[in-house]
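Asker: Here you go, input_27.cif (mmCIF, C-alpha atoms and all ligand atoms):
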```cif
data_target
#
loop_
_atom_site.label_atom_id
_atom_site.label_comp_id
_atom_site.auth_asym_id
_atom_site.auth_seq_id
_atom_site.Cartn_x
_atom_site.Cartn_y
_atom_site.Cartn_z
CA MET A 151 7.78 17.62 -31.14
CA LYS A 152 11.40 16.95 -30.55
CA ASN A 153 10.69 14.84 -27.48
CA ILE A 154 8.67 12.11 -29.27
CA PHE A 155 10.85 9.10 -30.12
CA GLU A 156 10.06 5.90 -31.95
CA ALA A 157 10.10 3.11 -29.37
CA ASN A 158 13.03 1.09 -30.77
CA ASP A 159 15.79 -0.58 -28.71
CA VAL A 160 18.19 2.34 -29.00
CA ASN A 161 15.61 4.86 -27.82
CA ILE A 162 14.34 2.59 -25.05
CA ALA A 163 17.94 2.34 -23.77
CA LYS A 164 18.20 6.14 -23.89
CA ALA A 165 14.92 6.43 -22.03
CA ALA A 166 16.20 4.03 -19.35
CA ASP A 167 19.17 6.36 -18.85
CA VAL A 168 16.75 9.26 -18.46
CA ILE A 169 14.91 7.31 -15.75
CA LYS A 170 18.17 6.41 -13.99
CA ASN A 171 19.22 10.05 -14.08
CA GLY A 172 16.04 11.32 -12.47
CA GLY A 173 14.11 12.37 -15.59
CA LEU A 174 10.58 11.72 -16.81
CA VAL A 175 9.68 9.31 -19.62
CA ALA A 176 6.22 8.86 -21.08
CA MET A 177 5.79 5.19 -21.95
CA PRO A 178 3.09 3.32 -23.81
CA THR A 179 1.23 0.62 -21.90
CA GLU A 180 -1.68 -1.50 -23.07
CA THR A 181 -4.12 0.76 -21.16
CA VAL A 182 -3.00 4.37 -21.55
CA TYR A 183 0.35 6.19 -21.75
CA GLY A 184 2.07 6.58 -18.38
CA LEU A 185 4.37 9.36 -17.16
CA GLY A 186 7.20 7.42 -15.57
CA ALA A 187 9.95 8.05 -13.04
CA ASN A 188 12.26 6.05 -10.76
CA VAL A 189 10.26 5.29 -7.61
CA TYR A 190 13.36 5.59 -5.39
CA ASP A 191 14.17 9.11 -6.60
CA ALA A 192 12.00 11.51 -4.59
CA LYS A 193 12.90 14.50 -6.77
CA ALA A 194 11.92 12.64 -9.92
CA VAL A 195 8.63 11.54 -8.33
CA ALA A 196 7.94 15.14 -7.33
CA LYS A 197 8.47 16.19 -10.95
CA ILE A 198 5.55 13.95 -11.97
CA PHE A 199 3.15 15.79 -9.68
CA GLU A 200 4.48 19.11 -10.91
CA ALA A 201 4.20 18.19 -14.61
CA LYS A 202 0.66 16.87 -14.20
CA ARG A 203 -0.32 19.68 -11.82
CA ARG A 204 -1.61 16.86 -9.68
CA PRO A 205 -2.28 17.37 -5.96
CA ASN A 206 0.15 15.39 -3.86
CA PHE A 207 -2.57 13.39 -2.15
CA ASP A 208 -3.02 11.28 -5.23
CA PRO A 209 -0.75 8.22 -5.07
CA LEU A 210 0.95 6.53 -8.04
CA ILE A 211 1.10 2.95 -9.34
CA SER A 212 4.48 1.14 -9.36
CA HIS A 213 5.06 -0.70 -12.64
CA ILE A 214 7.20 -3.83 -12.71
CA ALA A 215 8.27 -6.20 -15.48
CA ASP A 216 9.00 -9.49 -13.72
CA PHE A 217 7.54 -11.59 -10.93
CA ASP A 218 10.86 -11.70 -9.12
CA ALA A 219 10.94 -7.89 -9.16
CA ILE A 220 7.93 -7.33 -6.92
CA PRO A 221 9.04 -4.29 -4.90
CA GLU A 222 10.47 -4.98 -1.45
CA TYR A 223 8.25 -2.19 -0.12
CA VAL A 224 5.04 -4.25 -0.44
CA GLU A 225 3.80 -7.25 1.51
CA THR A 226 2.52 -10.11 -0.61
CA ASP A 227 0.63 -13.24 0.34
CA GLU A 228 -0.67 -16.35 -1.40
CA ARG A 229 -3.82 -14.70 -2.71
CA ILE A 230 -1.87 -11.75 -4.10
CA MET A 231 0.58 -14.04 -5.86
CA ALA A 232 -2.23 -16.15 -7.30
CA LEU A 233 -3.97 -13.03 -8.64
CA ALA A 234 -0.67 -11.79 -10.04
CA LYS A 235 -0.01 -15.07 -11.86
CA ARG A 236 -3.52 -15.01 -13.30
CA PHE A 237 -3.80 -11.37 -14.38
CA TRP A 238 -0.22 -10.14 -14.97
CA PRO A 239 1.00 -8.88 -17.25
CA GLY A 240 -2.25 -7.03 -17.83
CA PRO A 241 -4.56 -4.13 -16.96
CA PHE A 242 -4.78 -5.15 -13.31
CA THR A 243 -3.45 -3.22 -10.30
CA MET A 244 -3.36 -4.39 -6.69
CA VAL A 245 -3.30 -2.25 -3.55
CA MET A 246 -1.03 -3.96 -1.01
CA LYS A 247 0.28 -3.22 2.46
CA ARG A 248 3.44 -1.17 2.40
CA LYS A 249 6.60 -1.57 4.51
CA GLY A 250 10.01 0.06 4.94
CA GLU A 251 11.13 3.65 4.61
CA ASN A 252 12.11 5.45 1.43
CA ALA A 253 11.49 9.08 0.56
CA GLY A 254 10.62 8.44 -3.08
CA VAL A 255 8.30 5.55 -2.29
CA ASP A 256 6.66 7.59 0.45
CA LEU A 257 5.97 10.47 -1.92
CA ALA A 258 4.75 8.12 -4.65
CA CYS A 259 2.33 6.56 -2.14
CA SER A 260 1.28 9.95 -0.73
CA GLY A 261 2.29 8.71 2.69
CA LEU A 262 -0.43 6.03 2.70
CA PRO A 263 0.30 2.71 4.43
CA THR A 264 -0.40 0.97 1.09
CA ALA A 265 1.22 0.83 -2.34
CA THR A 266 -0.17 -0.17 -5.74
CA VAL A 267 1.63 -2.43 -8.19
CA ARG A 268 0.96 -3.62 -11.70
CA MET A 269 2.80 -5.41 -14.51
CA PRO A 270 1.74 -3.84 -17.80
CA ASN A 271 1.25 -5.97 -20.90
CA HIS A 272 3.24 -3.92 -23.37
CA PRO A 273 6.68 -4.83 -24.75
CA VAL A 274 7.95 -1.24 -24.66
CA ALA A 275 6.96 -0.64 -21.04
CA LEU A 276 8.38 -4.01 -19.98
CA SER A 277 11.65 -3.40 -21.78
CA LEU A 278 11.99 0.11 -20.34
CA ILE A 279 11.35 -1.13 -16.80
CA ARG A 280 13.90 -3.96 -17.17
CA LYS A 281 16.56 -1.66 -18.61
CA SER A 282 15.93 0.92 -15.86
CA GLY A 283 16.37 -1.73 -13.18
CA VAL A 284 13.82 -0.11 -10.83
CA PRO A 285 10.04 -0.05 -10.48
CA ILE A 286 8.71 2.83 -12.55
CA VAL A 287 5.93 4.86 -10.95
CA ALA A 288 3.59 6.29 -13.53
CA PRO A 289 0.22 8.00 -13.54
CA SER A 290 -1.55 8.55 -16.82
CA ALA A 291 0.51 11.03 -18.85
CA ASN A 292 -1.96 13.89 -18.97
CA LEU A 293 -2.75 17.01 -16.96
CA PHE A 294 -4.77 16.30 -13.82
CA LYS A 295 -8.50 15.77 -14.46
CA THR A 296 -8.24 15.77 -18.26
CA VAL A 297 -8.85 12.90 -20.71
CA SER A 298 -6.20 10.15 -20.50
CA PRO A 299 -3.73 9.79 -23.40
CA THR A 300 -3.85 6.78 -25.70
CA THR A 301 -1.28 8.01 -28.25
CA ALA A 302 2.14 9.70 -28.03
CA GLN A 303 0.62 12.79 -29.64
CA HIS A 304 -2.02 13.02 -26.86
CA VAL A 305 0.82 13.05 -24.33
CA TYR A 306 2.57 15.82 -26.21
CA ASP A 307 -0.64 17.84 -26.51
CA SER A 308 -1.16 17.66 -22.75
CA LEU A 309 2.35 17.85 -21.32
CA GLY A 310 4.49 19.21 -24.17
CA GLU A 311 8.15 19.52 -23.33
CA LYS A 312 7.70 18.87 -19.61
CA VAL A 313 8.51 15.23 -20.41
CA ASP A 314 12.13 14.45 -21.24
CA MET A 315 11.22 11.66 -23.66
CA ILE A 316 7.93 10.35 -25.04
CA LEU A 317 8.32 6.80 -26.38
CA ASP A 318 5.93 6.33 -29.27
CA GLY A 319 4.55 2.79 -29.25
CA GLY A 320 1.40 3.51 -31.26
CA ALA A 321 -2.17 3.55 -29.97
CA CYS A 322 -2.99 1.74 -26.72
CA LYS A 323 -4.96 -1.45 -27.32
CA VAL A 324 -7.10 -1.51 -24.17
CA GLY A 325 -7.71 2.22 -23.97
CA VAL A 326 -9.05 2.50 -20.40
CA GLU A 327 -6.91 2.38 -17.29
CA SER A 328 -6.24 -0.74 -15.25
CA THR A 329 -8.73 -2.25 -12.84
CA ILE A 330 -7.70 -1.47 -9.25
CA LEU A 331 -8.35 -4.12 -6.61
CA ASP A 332 -7.57 -3.47 -2.95
CA VAL A 333 -6.19 -6.70 -1.49
CA SER A 334 -4.59 -5.09 1.56
CA SER A 335 -7.21 -6.60 3.84
CA LYS A 336 -9.31 -9.76 3.93
CA GLN A 337 -12.22 -8.43 1.88
CA PRO A 338 -11.13 -7.59 -1.69
CA VAL A 339 -12.53 -4.23 -2.83
CA LEU A 340 -12.79 -2.86 -6.35
CA LEU A 341 -11.53 0.74 -6.27
CA ARG A 342 -11.64 1.40 -10.01
CA ALA A 343 -13.30 -0.51 -12.81
CA GLY A 344 -10.85 -0.90 -15.67
CA GLY A 345 -9.37 -3.06 -18.39
CA THR A 346 -9.74 -6.35 -16.49
CA PRO A 347 -13.44 -7.24 -16.22
CA LEU A 348 -14.77 -7.55 -12.68
CA GLU A 349 -16.50 -10.78 -13.69
CA ASP A 350 -13.13 -12.41 -14.42
CA ILE A 351 -11.75 -11.43 -11.03
CA GLU A 352 -14.80 -12.72 -9.16
CA GLU A 353 -14.72 -15.94 -11.09
CA PHE A 354 -11.06 -16.46 -10.28
CA LEU A 355 -11.47 -15.65 -6.58
CA GLY A 356 -14.67 -17.61 -6.32
CA GLU A 357 -16.23 -14.79 -4.31
CA LYS A 358 -17.99 -11.47 -4.76
CA VAL A 359 -15.83 -8.39 -4.72
CA LEU A 360 -17.04 -5.32 -2.82
CA ILE A 361 -17.42 -2.31 -5.05
CA SER A 362 -16.28 0.97 -3.58
CA HIS A 363 -18.44 3.86 -4.74
CA GLY A 364 -15.77 6.39 -3.86
CA GLU A 365 -17.28 9.39 -2.18
CA PRO A 366 -16.43 12.48 -4.19
CA ASP A 367 -14.65 14.25 -1.35
CA ARG A 368 -12.91 11.25 0.14
CA PRO A 369 -12.55 8.83 -2.74
CA SER A 370 -10.96 5.53 -1.81
CA ALA A 371 -8.83 5.55 -4.93
CA PRO A 372 -7.98 9.19 -4.33
CA GLY A 373 -7.76 9.89 -8.06
CA GLN A 374 -11.37 8.92 -8.55
CA LEU A 375 -12.80 12.40 -8.20
CA LEU A 376 -16.29 12.95 -9.47
CA ARG A 377 -15.25 15.33 -12.19
CA HIS A 378 -12.39 13.74 -14.09
CA TYR A 379 -11.56 12.68 -17.64
CA ALA A 380 -13.26 15.90 -18.60
CA PRO A 381 -13.66 16.99 -22.22
CA GLY A 382 -14.00 20.73 -22.91
CA HIS A 383 -17.66 20.45 -23.96
CA LYS A 384 -20.65 19.54 -21.84
CA LEU A 385 -21.43 15.82 -22.15
CA ARG A 386 -24.81 14.09 -21.78
CA ILE A 387 -24.64 10.32 -21.29
CA ASN A 388 -27.14 7.47 -21.75
CA ALA A 389 -28.60 9.47 -24.62
CA GLU A 390 -30.91 7.21 -26.64
CA ASN A 391 -30.93 9.80 -29.41
CA PRO A 392 -29.15 13.08 -30.05
CA MET A 393 -31.08 16.28 -29.45
CA GLU A 394 -30.80 19.19 -31.79
CA ASN A 395 -27.46 20.89 -31.37
CA GLU A 396 -25.76 17.83 -29.96
CA PHE A 397 -22.73 16.04 -31.35
CA TYR A 398 -23.59 12.38 -30.90
CA ILE A 399 -21.13 9.62 -30.06
CA GLY A 400 -22.89 6.39 -30.92
CA PHE A 401 -22.48 2.76 -29.93
CA GLY A 402 -23.65 -0.31 -31.83
CA ASP A 403 -26.84 0.28 -33.81
CA ARG A 404 -27.15 3.80 -32.42
CA ASP A 405 -25.04 5.52 -35.02
CA GLY A 406 -23.83 9.09 -34.63
CA ASP A 407 -21.22 11.63 -35.71
CA LEU A 408 -18.79 9.06 -34.33
CA ASN A 409 -19.41 5.48 -33.25
CA LEU A 410 -17.37 3.89 -30.42
CA SER A 411 -18.03 0.48 -31.98
CA SER A 412 -20.58 -0.09 -34.70
CA LYS A 413 -20.35 -3.82 -33.94
CA GLY A 414 -21.31 -3.10 -30.36
CA ASN A 415 -17.99 -4.53 -29.15
CA LEU A 416 -17.09 -3.19 -25.68
CA CYS A 417 -13.34 -3.82 -26.06
CA GLU A 418 -13.29 -1.80 -29.26
CA ALA A 419 -15.37 0.92 -27.58
CA ALA A 420 -12.94 1.12 -24.63
CA ALA A 421 -9.98 1.36 -26.98
CA ASN A 422 -11.65 4.26 -28.83
CA LEU A 423 -13.14 6.07 -25.84
CA PHE A 424 -10.52 8.67 -24.90
CA ALA A 425 -9.41 9.36 -28.47
CA TYR A 426 -13.05 9.89 -29.51
CA LEU A 427 -13.73 12.22 -26.57
CA ARG A 428 -10.81 14.33 -27.76
CA LEU A 429 -11.92 14.13 -31.36
CA ALA A 430 -15.50 15.04 -30.44
CA ASP A 431 -14.18 18.03 -28.52
CA LYS A 432 -12.40 19.21 -31.66
CA MET A 433 -15.29 18.50 -34.03
CA ALA A 434 -18.29 19.62 -31.97
CA GLY A 435 -17.89 23.37 -32.49
CA ASN A 436 -20.70 25.10 -30.58
CA LYS A 437 -22.68 21.88 -30.13
CA SER A 438 -22.56 19.97 -26.85
CA LEU A 439 -21.74 16.25 -26.66
CA ALA A 440 -24.07 13.32 -26.11
CA MET A 441 -23.22 9.62 -25.89
CA ALA A 442 -25.33 6.54 -26.51
CA PRO A 443 -26.01 4.12 -23.61
CA ILE A 444 -23.22 1.60 -22.96
CA PRO A 445 -24.09 -1.82 -21.48
CA GLU A 446 -22.98 -2.24 -17.86
CA ASN A 447 -21.01 -5.48 -18.20
CA GLY A 448 -17.43 -6.47 -19.06
CA LEU A 449 -15.44 -3.38 -20.05
CA GLY A 450 -18.72 -1.44 -20.05
CA LEU A 451 -18.26 -0.97 -16.29
CA ALA A 452 -15.00 0.95 -16.86
CA ILE A 453 -16.43 2.92 -19.80
CA ASN A 454 -19.50 3.98 -17.82
CA ASP A 455 -17.34 4.94 -14.85
CA ARG A 456 -15.17 7.21 -17.01
CA ILE A 457 -18.03 8.87 -18.89
CA LYS A 458 -20.01 9.50 -15.69
CA ARG A 459 -17.06 11.48 -14.42
CA ALA A 460 -16.52 13.16 -17.76
CA ALA A 461 -20.19 14.23 -17.75
CA HIS A 462 -20.21 15.52 -14.18
CA ASP A 463 -20.40 19.29 -13.75
O1 LIG A 501 -3.74 1.71 -16.49
C1 LIG A 501 -3.27 2.37 -15.57
O2 LIG A 501 -3.46 2.08 -14.38
C2 LIG A 501 -2.44 3.59 -15.93
C3 LIG A 501 -1.17 3.12 -16.64
C4 LIG A 501 -0.21 4.25 -16.93
O3 LIG A 501 -0.56 2.12 -15.88
N1 LIG A 501 -2.13 4.37 -14.79
C5 LIG A 501 -3.05 5.13 -14.15
O4 LIG A 501 -2.52 5.87 -13.12
O5 LIG A 501 -4.21 5.19 -14.47
P1 LIG A 501 -3.29 7.07 -12.44
O6 LIG A 501 -2.30 7.64 -11.52
O7 LIG A 501 -3.86 7.98 -13.46
O8 LIG A 501 -4.41 6.36 -11.61
C6 LIG A 501 -4.06 5.58 -10.49
C7 LIG A 501 -5.18 5.52 -9.50
C8 LIG A 501 -5.49 6.86 -8.87
O9 LIG A 501 -6.89 7.03 -8.84
C9 LIG A 501 -4.93 6.70 -7.47
O10 LIG A 501 -5.65 7.46 -6.55
C10 LIG A 501 -5.11 5.22 -7.23
O11 LIG A 501 -4.78 4.65 -8.46
N2 LIG A 501 -4.17 4.71 -6.22
C11 LIG A 501 -2.84 4.65 -6.31
N3 LIG A 501 -2.30 4.15 -5.17
C12 LIG A 501 -3.33 3.90 -4.35
C13 LIG A 501 -3.44 3.39 -3.02
N4 LIG A 501 -2.38 3.06 -2.30
N5 LIG A 501 -4.68 3.25 -2.49
C14 LIG A 501 -5.77 3.58 -3.21
N6 LIG A 501 -5.73 4.08 -4.46
C15 LIG A 501 -4.53 4.24 -5.02
MG MG A 502 -5.20 9.28 -14.50
#
```
Hey, can you dump this file as structure tokens for me?
Ligand code: TXA
Ligand code: MG

Answerer:
Amino acid sequence: MKNIFEANDVNIAKAADVIKNGGLVAMPTETVYGLGANVYDAKAVAKIFEAKRRPNFDPLISHIADFDAIPEYVETDERIMALAKRFWPGPFTMVMKRKGENAGVDLACSGLPTATVRMPNHPVALSLIRKSGVPIVAPSANLFKTVSPTTAQHVYDSLGEKVDMILDGGACKVGVESTILDVSSKQPVLLRAGGTPLEDIEEFLGEKVLISHGEPDRPSAPGQLLRHYAPGHKLRINAENPMENEFYIGFGDRDGDLNLSSKGNLCEAAANLFAYLRLADKMAGNKSLAMAPIPENGLGLAINDRIKRAAHD
């Protein structure tokens, strides 16, 4: 594991040089680990797709560290800036109108007329972005369609030495990806439930947000394919009780072989979700997996979204 480095100042500076020189760095964020590259370097962006074995139609999020570093390739407005001030840094991504011409940006955005931006709430990611001096585009640092990584070791297990440096910043606190809100037109649309609760966004905007139920073949957040986040074993969800020959992932009072949160805390459950899916995969042997029902509010929306996809066959 010679490419895992403790995320101290010296190694973050080294990682920034890797980014500037067109390499790939896996960085911790508060949601999941991201596989980062310089957005303006088309070759580096292409390497991300290659490493993830991700089809090129799936666009990437630009990560920034400061409000005065909002990329010049997006169009902002008052509502966007108000949302940014309220929810950044944090697990919140906005789809905005795109402008200008740049090969790297174009590839990162899969040629779409929009671009996504977020400011992660993690000191290592923020420091790396500042030292690199460019927006860092980063998808989750795992192979396409597999469970997202919430530790440096997960990144290594999935991508191995295809990453130049993996910065180890410990386990991700939020544990599910950012909420994606499309604000490129008048009606805000939720494209992906995530670490920022929908309720908070609606309360702030003072209006209902449309929820996009991405069609499987033409998902509106193109990465939201029906089968995604897939563990190796078959998974049954909303299971009130385990059946014989099932490895049971519990929640709250419904205890099991593992419990996402015995206190029934949805934030704790989200933080554990991906690591427990991996763990269950390792522990289940010839059993299949079943998971207790998760309430559909707060971070439960994101958890249920991910496990529905993980359970799809
Ligand atoms: O929490 C996160 O968002 C993590 C960390 C690393 O920041 N990143 C992440 O990236 O989850 P990724 O690439 O695994 O998921 C990004 C999603 C994909 O489903 C992609 O299709 C969607 O965002 N997306 C990106 N740009 C888009 C755009 N212009 N319009 C619609 N969807 C977009
Ligand atoms: Mg992903």

Asker: Please list as a PyMOL selection string every residue within 7 Å of range 176-188 of chain A, counting only C-alpha atoms and excluding residues in the same chain fewer than 2 positions away.

Answerer: chain A and resi 169-170+172-174+190-191+194-195+241+270-272+274-275+284-291+298-301+313+315-319+322-328

Asker: Go through A:Asp314, A:Glu251, A:Asp307, A:Asp332 and flag the residue nearest ligand LIG 501 (chain A), using all atoms listed in the file for the distances.

Answerer: A:Asp332

Asker: May I ask for the distance between CA of Ala442 in chain A and CA of Ile387 in chain A, given in Å to one decimal place?

Answerer: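 A separation of 6.5 Å between them.
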
Asker: Using only C-alpha atoms, pick whichever of A:Arg456, A:Gly414, A:Phe401, A:Gly382 has the shortest atom-to-atom distance to Ala434 in chain A.

Answerer: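 Closest to Ala434 in chain A of all the choices is A:Gly382.
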
Asker: From the list A:Gly320, A:Pro443, A:Pro381, A:Gly406, which residue is nearest Asp431 in chain A when using only C-alpha atoms?

Answerer: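 Nearest candidate to Asp431 in chain A out of A:Gly320, A:Pro443, A:Pro381, A:Gly406: A:Pro381.
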
Asker: List the neighbours of Gly283 in chain A out to 12 Å using all atoms listed in the file; skip same-chain residues closer than 2 positions along the sequence, and give me the result as a ChimeraX atom specification.

Answerer: /A:163,166-167,169-170,187-190,213-216,219-221,276-281,285-286

Asker: Taking into account all atoms listed in the file, which residue in the set A:Glu446, A:Glu156, A:Asp350, A:Asp405 is nearest to Gln303 in chain A?

Answerer: A:Glu156
